[in-house]
Structures are given as C-alpha cells and as structure tokens.
Number of protein chains: 2
Amino acid sequence: MDRDSLELRSTVSADGTLRMALEPVRLPEPGPGQVLVRVEAAPINPSDLGLMFGPADMATLARDGQALTARIPDAAMPSLRARIGQALTAGNEGAGTVVAAGPDQRHLIGRRVAMLGGAMYARLRLIAASDCLVLPDGALAEQGAALFVNPLTALGFVETMRAEGHTAIVHAPAASNLGQMLARICGADGIGLVNIVRSPAQAALLRDLGAVHVVDSSAGSFRDDLTGAIAATGATLCFDAIGGGETTSIVLNAMETVAARDMATYDRYGSAVMKQGYVYGALDTGPTVLRRGFGFRWAIGGWLLFHALRGLDPATVERMRQRIVDEMTTTFASHYTARITLEQALDPAIVAAYVRKSTGEKYLLTP
Amino acid sequence: MDRDSLELRSTVSADGTLRMALEPVRLPEPGPGQVLVRVEAAPINPSDLGLMFGPADMATLARDGQALTARIPDAAMPSLRARIGQALTAGNEGAGTVVAAGPDQRHLIGRRVAMLGGAMYARLRLIAASDCLVLPDGALAEQGAALFVNPLTALGFVETMRAEGHTAIVHAPAASNLGQMLARICGADGIGLVNIVRSPAQAALLRDLGAVHVVDSSAGSFRDDLTGAIAATGATLCFDAIGGGETTSIVLNAMETVAARDMATYDRYGSAVMKQGYVYGALDTGPTVLRRGFGFRWAIGGWLLFHALRGLDPATVERMRQRIVDEMTTTFASHYTARITLEQALDPAIVAAYVRKSTGEKYLLTP
C-alpha cells in the first residue's frame with residue numbers, strides 16, 4: 001500500500017519570509033474509524049488563500065528551487081506570531097477515492113468520498129470516515145470536491161435567518177459559487193433573497209438561475225434598486241463576504257429607509273426594526289466603513305461556518321448533509337474556470353491568477 | 001392653579017428650515033395617576049441635542065424674533081421626513097416640585113421629584129407619577145435633574161455585561177458624567193473597567209475617583225496602555241459613545257491581541273474569544289471605521305437604554321431605581337459647568353457653546 005504523500009505546506013519564518021513547498025510525508029496506516037484517500041480534486045477557496053499566503057506582499061513572489069517564497073510586511077508580523085516556524089497544511093475540503101481503510105471501514109475501499117478537515121492539497125489524506133460524505137456511484141471527484149464549505153455555508157445562512165427571526169436575506173457578492181447555491185436554495189424553499197452583484201453579466205447569470213431580486217452595484221440606480229428589493233422581500237439580515245468598504249453599511253441604511261416608511265412618528269433613535277449584518281469573508285481586506293444612518297437597532301458581526309454549525313442541533317446538521325448529497329449535481333453544483341496540479345500551485349504566474357479572488361473565477365486543484 | 005406653561009419646541013419644515021421656539025401651552029388638570037410638576041432643572045444631554053437640532057448646519061443659526069432658526073442640509077432631509085411640520089418637545093429628563101396632582105396623588109404635592117419622559121424643557125410638566133422618583137427631603141432640584149438617563153445607562157452597561165457573559169468593560173469616553181458614574185459603580189462592585197479618556201486632565205479626574213485602569217488616547221503609548229489594561233481586566237465588552245472613527249475598532253483589536261497570546265495554535269480565523277462592542281452615542285457623527293484585525297468572533301451593535309431596559313426583568317429595574325435614589329449624592333452625582341434659562345437656550349452664542357459636546361462640559365437648563 002502506497003502511503004507516501006506530498007503535502008503543500010506554508011511556513012512563515014521569524015525573519016518575515018513566507019515559504020510554500022511540497023513536502024514528502026509518509027502517512028501511518030489507517031486506524032479504526034479512519035480511511036486513506038487519494039485526493040483527486042480540491043477547490044481553492046478564499047479562506048484557503050488566507051492560510052496559504054496570509055498578508056504576504058504578492059509583488060514579492062519568487063521561486064526558490066521547487067519552493068515559492070514571498071515577503072511578509074513588518075507591520076503584519078505580530079498577527080502571525082502564533083504560526084511562526086510551523087509548516088501548515090492547506091486545503092479545507094476535497095474529494096477522492098478511498099485506497100485503504102481501518103479494520104472497521106474496509107467497506108469504503110474503492111468508494112469516492114467528499115472530505116472536510118484541512119490538508120487536502122496533498123496526494124493522500126488520512127481522515128476520519130465521519131469527516132467524509134460517501135458519494136453516489138458514478139459521482140465525479142470534481143462534483144464532490146466542494147460539498148462542504150459552500151453548501152454548508154449557504155444552508156447555514158438560512159438556519160441563522162430562522163434562528164434569529166428574520167424572514168429574508170440580502171447577500172453580497174451573490175454571483176459566487178456560494179451565491180448561486182444560496183439563490184437555488186432560497187428559490188426552492190420560498191425564501192426572499194436580494195442578490196447584490198457587481199456587473200450586468202453577473203446579474204444575467206443569477207436571473208438565469210431564477211433569482212427574482214438581483215441588484216447590480218455598478219448601476220447608477222443601485223441604491224434605489226436595493227431599497228426596492230428590500231421593501232419587496234422584507235429582508236432585515238445581510239451576509240457580506242466582501243467585508244471591506246461600505247457594502248454592509250449601504251444595505252443597513254437601505255433597510256432603515258424601508259423601516260422608516262412604516263413609522264407613524266419620528267424617533268431620533270431610528271426605527272425599532274432590528275437590522276443585522278454578518279461579515280463572513282474578507283474579499284476586501286480594507287476597513288469596513290459604517291455610515292450610521294440606520295438608528296440604534298442594528299448589529300454587525302463576524303460569521304464563521306464552524307462556529308455556526310456548533311450552534312445547531314445535530315439533527316439539523318445531519319439533514320443539511322443529506323440534502324447536500326441528494327442535490328449535489330443541482331443545488332450544490334460548483335463550476336471551475338481552471339484546473340491546476342499541486343506543482344502548478346507553486347508557479348508564481350499561476351498563483352497571481354488564482355489569488356485574484358474574482359467572483360465567478362474558481363480554481364480546482366487536481367493532485 | 002397655574003396651568004399655563006412654556007415649552008421649548010423644535011420644528012423642521014419641508015423647505016429645510018429648523019425652528020426652535022418657546023410655545024405657550026395650557027395644560028389640562030392632572031388626572032388619576034398624574035402630577036403637575038414645576039420644572040426646576042433639566043440637563044442638556046447629547047441625545048437631547050439630536051432632537052433639538054438634528055443635522056442642522058450650526059453655522060446658519062440665526063434669530064427670528066424670539067425664535068431660533070437654522071438650515072438643514074438638503075442631503076439630510078430624507079432622514080427627517082417623519083418629523084416635518086411637527087413641533088417636537090425636548091428634554092428627556094429633569095426634576096421639579098409637584099404643584100398639583102390627580103385625586104390619587106395628592107400626597108405628592110410639594111414633594112420634589114426626578115422625572116423621565118421628554119418635554120422637560122418647559123415651565124410645567126404634566127406626567128405620570130410612575131415616571132417620577134420621589135426625592136428625599138432636602139434634595140436639590142439640581143441633584144435630581146439627571147437621575148435617569150446616565151444612572152440607568154451606567155447600571156444598564158453592567159446588566160448587559162452580566163447577561164452576555166462578560167466580566168469587565170472598556171468605556172469611551174470615560175470622563176463624562178456617565179463615565180464617572182460607571183467608574184464609581186465598577187469600583188464599588190469590584191468590576192474591571194478600562195477607562196479611555198482624551199487628555200491627561202481627564203485621566204487625573206478619573207484616578208481621583210479611584211479608577212484603576214485609565215488610558216489616555218492622546219498619549220503616544222495609548223495602544224500599548226490599552227492592551228495592558230485589557231489584559232489586566234479581561235475585558236471583552238466595550239461601550240463607545242463616540243461612534244464615529246476608530247475607537248471601537250482599536251479596542252476590539254487590542255482585545256484580540258490579548259486573546260491571541262493565549263492561543264496554542266495559529267487559527268487564520270482569529271481567536272475563539274467573543275469580542276463585543278456597543279455604540280451607544282454619536283458624539284462623532286462621522287463613519288465608524290473597523291480595521292478587522294480581530295478575526296471572526298466579534299460583534300458590534302447599537303445600544304439604546306430604553307431597549308435594554310425592556311430586556312430586563314422588572315425586579316432588576318426596580319433595584320436599579322432604588323440604588324439610584326439611595327446613592328444620588330454619591331455614585332450618581334452629576335456636575336454642571338453652566339446653568340441657563342429657557343430663553344438663553346435660544347441664544348445663538350449660548351447654543352454654540354452647549355452643542356459642543358465636550359466631555360466634562362455639561363449644561364443645566366433651569367426654567
């Protein structure tokens with residue numbers, strides 16, 4: 001049995017150098033409850049990039065033999081203190097075929113599985129069977145590669161909406177793979193969704209999926225369109241993966257404009273309608289700017305999938321997982337614009353392309 | 001019985017004019033449960049200024065007979081739509097002497113009371129006895145004028161802290177009347193408090209009250225001092241009345257720095273410690289800027305006294321009210337830097353002084 005793997009690892013050293021390389025590792029035999037999986041496909045999500053490159057200055061990318069290096073700005077080093085000298089594995093999720101298994105998991109050998117748990121940018125992954133979804137016969141690795149992070153996040157938004165008493169959602173940017181999943185979920189479940197996109201082409205893509213409320217932030221009528229869509233859906237909850245800039249602020253102000261229309265009397269503290277924004281990504285790492293024209297009934301916070309899942313009861317999570325497998329080729333289908341190997345992931349020209357984080361562009365690693 | 005009052009009223013007209021004037025009103029006889037109070041003292045709180053002047057351009061203040069006028073910038077008019085044409089009364093709280101009473105409240109005639117409920121900038125106030133605190137014999141009107149908003153807010157912060165599982169508080173700006181009350185409460189109750197002030201003089205004032213952790217945002221060592229004080233107290237909750245700028249952002253980043261010291265392994269999503277900021281004022285009406293170096297376990301929201309009180313059980317609120325009366329001349333003493341009449345409140349030169357909102361400067365209206 002081949003247990004020799006290559007793992008992509010990212011290391012920050014105390015002198016401010018980031019180094020990414022493929023490191024040979026020999027994995028132990030699978031123990032009870034474990035399977036050894038040959039990784040066949042793993043998406044590069046924005047959250048993966050954070051771990052791979054951190055705050056490195058991408059203009060300083062260079063080759064050092066087989067490795068890739070970059071400089072970390074001095075100002076960013078304090079935030080990385082806890083990872084100095086550690087060769088961190090990367091890749092939140094992926095799919096592959098089980099090539100070996102612990103004594104109680106032998107029935108999985110030869111099955112294709114989707115996996116969650118990190119270290120997916122590798123030839124082989126030793127993983128707990130409970131962190132895998134067994135895919136239906138005939139499922140492609142590419143179809144199973146991204147069945148955790150985006151699907152669970154999209155379903156998690158809906159669970160957060162229900163738990164906090166909201167009835168509709170605003171999402172930005174909505175044309176991402178995640179955004180498309182959310183549009184399909186909300187369409188199927190009859191949930192109001194305001195999709196904020198950044199171009200007419202993205203708007204067309206979402207309308208083709210059946211999305212009803214699509215507003216284009218590049219349009220001159222953006223704020224009026226947004227206010228109209230919020231009025232139509234009653235959305236008081238927003239999920240924003242951009243993070244930096246004014247997106248959440250603009251949405252909360254539009255929500256307040258809608259809420260104020262229903263106020264019988266003036267209140268200098270604003271409407272009594274609670275407006276909630278969640279920042280779940282950092283596509284723009286610049287400052288979040290809040291123009292507080294939305295009274296005092298508002299909250300904004302970080303939203304993190306793993307934390308949100310811990311707040312749900314196990315039966316709900318199991319139902320989410322089952323739905324993901326059932327609808328893997330429809331609701332939860334992802335699309336990729338490029339496929340690269342582990343070695344190509346260390347090529348400066350290719351890195352420059354996949355770190356751009358353009359909505360709708362998505363890279364798939366195929367070790 | 002004299003029931004002829006003068007009420008300070010603020011009106012915004014559709015053409016963008018703000019007009020403030022004293023309007024004669026004849027009040028009805030006090031009914032059951034009501035008392036008629038001769039107002040003797042009422043503080044000018046920042047929240048009162050919001051209603052009195054809204055977003056008016058203070059450079060355009062002018063006299064029009066006995067009235068005061070100012071221009072509202074066009075851009076601000078949409079937010080005032082709900083108050084156009086309404087002559088709004090002002091003054092959240094005050095104190096005075098009961099001069100008449102409904103049949104069931106005659107025992108209060110001649111007693112001095114503290115009041116909450118608006119319309120305090122007036123000669124007379126007809127009010128429910130349940131919205132009054134009866135002051136001890138010999139209490140001065142000035143001592144009773146501000147026994148609601150600041151005392152309940154300071155005690156409310158502590159209740160929010162307990163309800164949300166925090167154990168210490170960061171407060172900015174801490175040298176205000178409210179900040180001094182909070183420092184006395186936390187000192188008496190053994191609660192860790194980090195006081196952010198804006199000058200060495202304010203720092204000295206708070207240290208004289210017994211405050212242990214006082215950090216001066218005008219000092220070069222501010223961020224290090226803040227981080228040290230947060231580490232010493234374990235504060236993960238911040239109340240910020242400034243609102244605009246980076247105060248809350250700086251505090252949350254300092255909290256994350258402290259939390260990160262305890263992390264055994266690097267986590268690209270930041271620490272697991274929940275960091276909560278509340279914006280409870282708008283001394284700076286400019287944008288709130290968040291530099292999100294504090295991971296994904298954070299929340300910021302508006303905090304409003306009246307909403308917070310509704311979330312507390314009645315026994316807790318009653319205990320808060322009793323403590324306020326018991327400690328009115330100590331914990332909850334306010335200090336004023338100037339006393340003005342109703343007529344003077346309409347003098348442009350005096351208005352310019354009392355709208356400045358400098359911490360530690362506080363005006364008292366003495367009708």
# chains A, B, ... in the order shown; residues from 1 in each chain; ligands from 1
>>> select_by_dssp(residues="segment 7-242 of chain A", states="alpha helix (DSSP H)", output="ChimeraX atom specification")
/A:46-53,141-144,149-163,177-189,200-208,222-233
>>> interface_residues(of="chain A", to="chain B", cutoff="6 Å", atoms="only C-alpha atoms", output="list in words")
Ala82, Arg83, Tyr266, Pro287, Thr288, Val289, Leu290, Arg291, Phe296, Arg297, Trp298, Ala299, Ile300, Gly301 and Gly302 of chain A
>>> write_last_selection(atoms="all heavy atoms", output="tab-separated table (two decimals), in the first residue's frame")
chain	number	residue	atom	x	y	z
A	82	ALA	N	1.70	33.39	16.16
A	82	ALA	CA	1.35	32.03	16.57
A	82	ALA	C	1.68	30.98	15.51
A	82	ALA	O	1.62	29.79	15.79
A	82	ALA	CB	-0.14	31.97	16.92
A	83	ARG	N	2.02	31.38	14.28
A	83	ARG	CA	2.31	30.36	13.26
A	83	ARG	C	3.77	30.34	12.82
A	83	ARG	O	4.13	29.56	11.93
A	83	ARG	CB	1.38	30.50	12.04
A	83	ARG	CG	1.49	31.80	11.25
A	83	ARG	CD	0.66	31.73	9.96
A	83	ARG	NE	1.31	30.88	8.95
A	83	ARG	CZ	0.91	30.81	7.67
A	83	ARG	NH1	-0.15	31.48	7.25
A	83	ARG	NH2	1.54	30.03	6.82
A	266	TYR	N	-41.90	60.31	14.36
A	266	TYR	CA	-40.45	60.44	14.29
A	266	TYR	C	-39.81	59.92	15.57
A	266	TYR	O	-40.29	60.18	16.67
A	266	TYR	CB	-40.10	61.91	14.10
A	266	TYR	CG	-38.63	62.20	14.13
A	266	TYR	CD1	-37.82	61.84	13.07
A	266	TYR	CD2	-38.06	62.84	15.23
A	266	TYR	CE1	-36.46	62.10	13.10
A	266	TYR	CE2	-36.70	63.11	15.26
A	266	TYR	CZ	-35.91	62.74	14.19
A	266	TYR	OH	-34.56	63.00	14.22
A	287	PRO	N	-10.62	48.51	5.51
A	287	PRO	CA	-11.53	48.77	6.63
A	287	PRO	C	-13.00	48.68	6.22
A	287	PRO	O	-13.36	49.02	5.10
A	287	PRO	CB	-11.21	50.21	7.05
A	287	PRO	CG	-9.91	50.54	6.40
A	287	PRO	CD	-9.77	49.66	5.20
A	288	THR	N	-13.82	48.22	7.14
A	288	THR	CA	-15.27	48.27	7.00
A	288	THR	C	-15.71	49.67	7.41
A	288	THR	O	-15.33	50.15	8.48
A	288	THR	CB	-15.93	47.25	7.94
A	288	THR	OG1	-15.35	45.98	7.69
A	288	THR	CG2	-17.44	47.19	7.70
A	289	VAL	N	-16.48	50.34	6.58
A	289	VAL	CA	-16.92	51.70	6.87
A	289	VAL	C	-18.43	51.70	7.07
A	289	VAL	O	-19.18	51.27	6.21
A	289	VAL	CB	-16.53	52.64	5.71
A	289	VAL	CG1	-17.08	54.04	5.95
A	289	VAL	CG2	-15.01	52.68	5.55
A	290	LEU	N	-18.85	52.17	8.24
A	290	LEU	CA	-20.27	52.21	8.58
A	290	LEU	C	-20.73	53.66	8.66
A	290	LEU	O	-20.29	54.40	9.53
A	290	LEU	CB	-20.52	51.54	9.93
A	290	LEU	CG	-19.99	50.11	10.11
A	290	LEU	CD1	-20.24	49.65	11.55
A	290	LEU	CD2	-20.65	49.17	9.13
A	291	ARG	N	-21.60	54.07	7.75
A	291	ARG	CA	-22.25	55.39	7.85
A	291	ARG	C	-23.56	55.15	8.59
A	291	ARG	O	-24.51	54.64	8.03
A	291	ARG	CB	-22.47	55.98	6.46
A	291	ARG	CG	-21.16	56.18	5.72
A	291	ARG	CD	-21.30	56.96	4.44
A	291	ARG	NE	-20.06	56.91	3.69
A	291	ARG	CZ	-18.99	57.69	3.92
A	291	ARG	NH1	-19.05	58.63	4.85
A	291	ARG	NH2	-17.89	57.55	3.23
A	296	PHE	N	-30.31	53.01	16.03
A	296	PHE	CA	-29.58	52.29	17.07
A	296	PHE	C	-29.97	50.82	17.17
A	296	PHE	O	-29.45	50.10	18.01
A	296	PHE	CB	-29.77	52.98	18.43
A	296	PHE	CG	-28.84	54.16	18.59
A	296	PHE	CD1	-29.15	55.39	18.05
A	296	PHE	CD2	-27.63	54.02	19.27
A	296	PHE	CE1	-28.29	56.47	18.18
A	296	PHE	CE2	-26.77	55.08	19.41
A	296	PHE	CZ	-27.09	56.32	18.87
A	297	ARG	N	-30.91	50.38	16.30
A	297	ARG	CA	-31.29	48.96	16.35
A	297	ARG	C	-30.58	48.23	15.22
A	297	ARG	O	-31.16	47.98	14.17
A	297	ARG	CB	-32.82	48.83	16.23
A	297	ARG	CG	-33.56	49.35	17.46
A	297	ARG	CD	-33.47	48.36	18.61
A	297	ARG	NE	-34.32	47.21	18.37
A	297	ARG	CZ	-34.03	45.97	18.77
A	297	ARG	NH1	-32.91	45.72	19.40
A	297	ARG	NH2	-34.85	45.00	18.52
A	298	TRP	N	-29.33	47.94	15.44
A	298	TRP	CA	-28.52	47.26	14.42
A	298	TRP	C	-27.40	46.48	15.10
A	298	TRP	O	-27.01	46.78	16.23
A	298	TRP	CB	-27.89	48.28	13.45
A	298	TRP	CG	-26.97	49.26	14.13
A	298	TRP	CD1	-27.34	50.41	14.78
A	298	TRP	CD2	-25.54	49.15	14.28
A	298	TRP	NE1	-26.23	51.03	15.29
A	298	TRP	CE2	-25.12	50.29	15.00
A	298	TRP	CE3	-24.59	48.24	13.84
A	298	TRP	CZ2	-23.77	50.51	15.31
A	298	TRP	CZ3	-23.24	48.46	14.16
A	298	TRP	CH2	-22.85	49.59	14.89
A	299	ALA	N	-26.92	45.50	14.37
A	299	ALA	CA	-25.75	44.75	14.83
A	299	ALA	C	-25.02	44.22	13.61
A	299	ALA	O	-25.63	43.91	12.58
A	299	ALA	CB	-26.15	43.60	15.75
A	300	ILE	N	-23.71	44.17	13.73
A	300	ILE	CA	-22.86	43.61	12.69
A	300	ILE	C	-21.87	42.69	13.39
A	300	ILE	O	-21.39	43.02	14.47
A	300	ILE	CB	-22.11	44.73	11.94
A	300	ILE	CG1	-23.11	45.61	11.20
A	300	ILE	CG2	-21.10	44.15	10.95
A	300	ILE	CD1	-22.49	46.82	10.55
A	301	GLY	N	-21.60	41.56	12.78
A	301	GLY	CA	-20.64	40.68	13.44
A	301	GLY	C	-19.99	39.74	12.45
A	301	GLY	O	-20.40	39.65	11.29
A	302	GLY	N	-18.97	39.06	12.92
A	302	GLY	CA	-18.35	38.02	12.11
A	302	GLY	C	-19.23	36.79	12.08
A	302	GLY	O	-19.93	36.50	13.06
>>> closest_residue(among="B:Thr316, B:Thr160, B:Asn253, B:Ser199", to="Asp224 of chain B", atoms="only C-alpha atoms")
B:Asn253
>>> closest_residue(among="B:Cys132, B:Met77, B:Ala168, B:Met58", to="Asp189 of chain B", atoms="only C-alpha atoms")
B:Ala168
>>> residues_around(residues="segment 210-213 of chain A", least_positions_apart="6", cutoff="9 Å", atoms="only C-alpha atoms", output="list in words")
Ala183, Arg184, Cys186, Gly187, Gly192, Leu193, Val194, Asn195, Ile196, Leu226, Ala229, Ile230, Ala232 and Thr233 of chain A
>>> select_by_dssp(residues="segment 123-288 of chain B", states="strand (DSSP E or B)", output="VMD selection string")
chain B and resid 124 to 128 132 to 134 168 to 172 192 to 197 213 to 216 237 to 240 243 to 245 275 to 279 284 to 288
>>> closest_residue(among="B:Leu309, B:Leu8, B:Ala145, B:Leu155", to="Gln322 of chain B", atoms="only C-alpha atoms")
B:Leu155
>>> residues_around(residues="Leu342 of chain B", least_positions_apart="4", cutoff="9 Å", atoms="only C-alpha atoms", output="tab-separated table (two decimals) with N, CA and C atoms, in the first residue's frame")
chain	number	residue	atom	x	y	z
B	6	LEU	N	-44.75	77.16	29.25
B	6	LEU	CA	-44.00	77.45	28.02
B	6	LEU	C	-43.20	76.20	27.71
B	7	GLU	N	-43.24	75.74	26.46
B	7	GLU	CA	-42.48	74.55	26.08
B	7	GLU	C	-41.51	74.87	24.95
B	8	LEU	N	-40.27	74.45	25.11
B	8	LEU	CA	-39.33	74.60	24.01
B	8	LEU	C	-39.67	73.54	22.96
B	22	LEU	N	-40.10	79.01	22.08
B	22	LEU	CA	-40.88	78.72	23.29
B	22	LEU	C	-42.34	78.91	22.95
B	121	TYR	N	-37.96	70.55	28.86
B	121	TYR	CA	-37.56	71.93	28.66
B	121	TYR	C	-38.83	72.76	28.58
B	122	ALA	N	-39.38	73.05	29.76
B	122	ALA	CA	-40.69	73.69	29.88
B	122	ALA	C	-40.83	74.24	31.28
B	123	ARG	N	-41.80	75.12	31.44
B	123	ARG	CA	-42.07	75.63	32.80
B	123	ARG	C	-42.76	74.57	33.64
B	346	LEU	N	-32.13	79.65	23.54
B	346	LEU	CA	-32.39	80.06	22.17
B	346	LEU	C	-31.43	81.15	21.70
B	365	LEU	N	-30.41	73.26	32.22
B	365	LEU	CA	-31.49	74.23	31.99
B	365	LEU	C	-32.25	74.41	33.30
B	366	THR	N	-32.42	75.66	33.69
B	366	THR	CA	-33.16	75.94	34.92
B	366	THR	C	-34.32	76.86	34.58
B	367	PRO	N	-35.46	76.27	34.14
B	367	PRO	CA	-36.61	77.06	33.67
B	367	PRO	C	-37.13	77.96	34.79
>>> closest_residue(among="A:Leu182, A:Leu237, A:Ala175, A:Leu124", to="Lys362 of chain A", atoms="only C-alpha atoms")
A:Ala175
>>> closest_residue(among="A:Gly144, A:Gly31, A:Gly65, A:Gly110", to="Ser334 of chain A", atoms="only C-alpha atoms")
A:Gly144
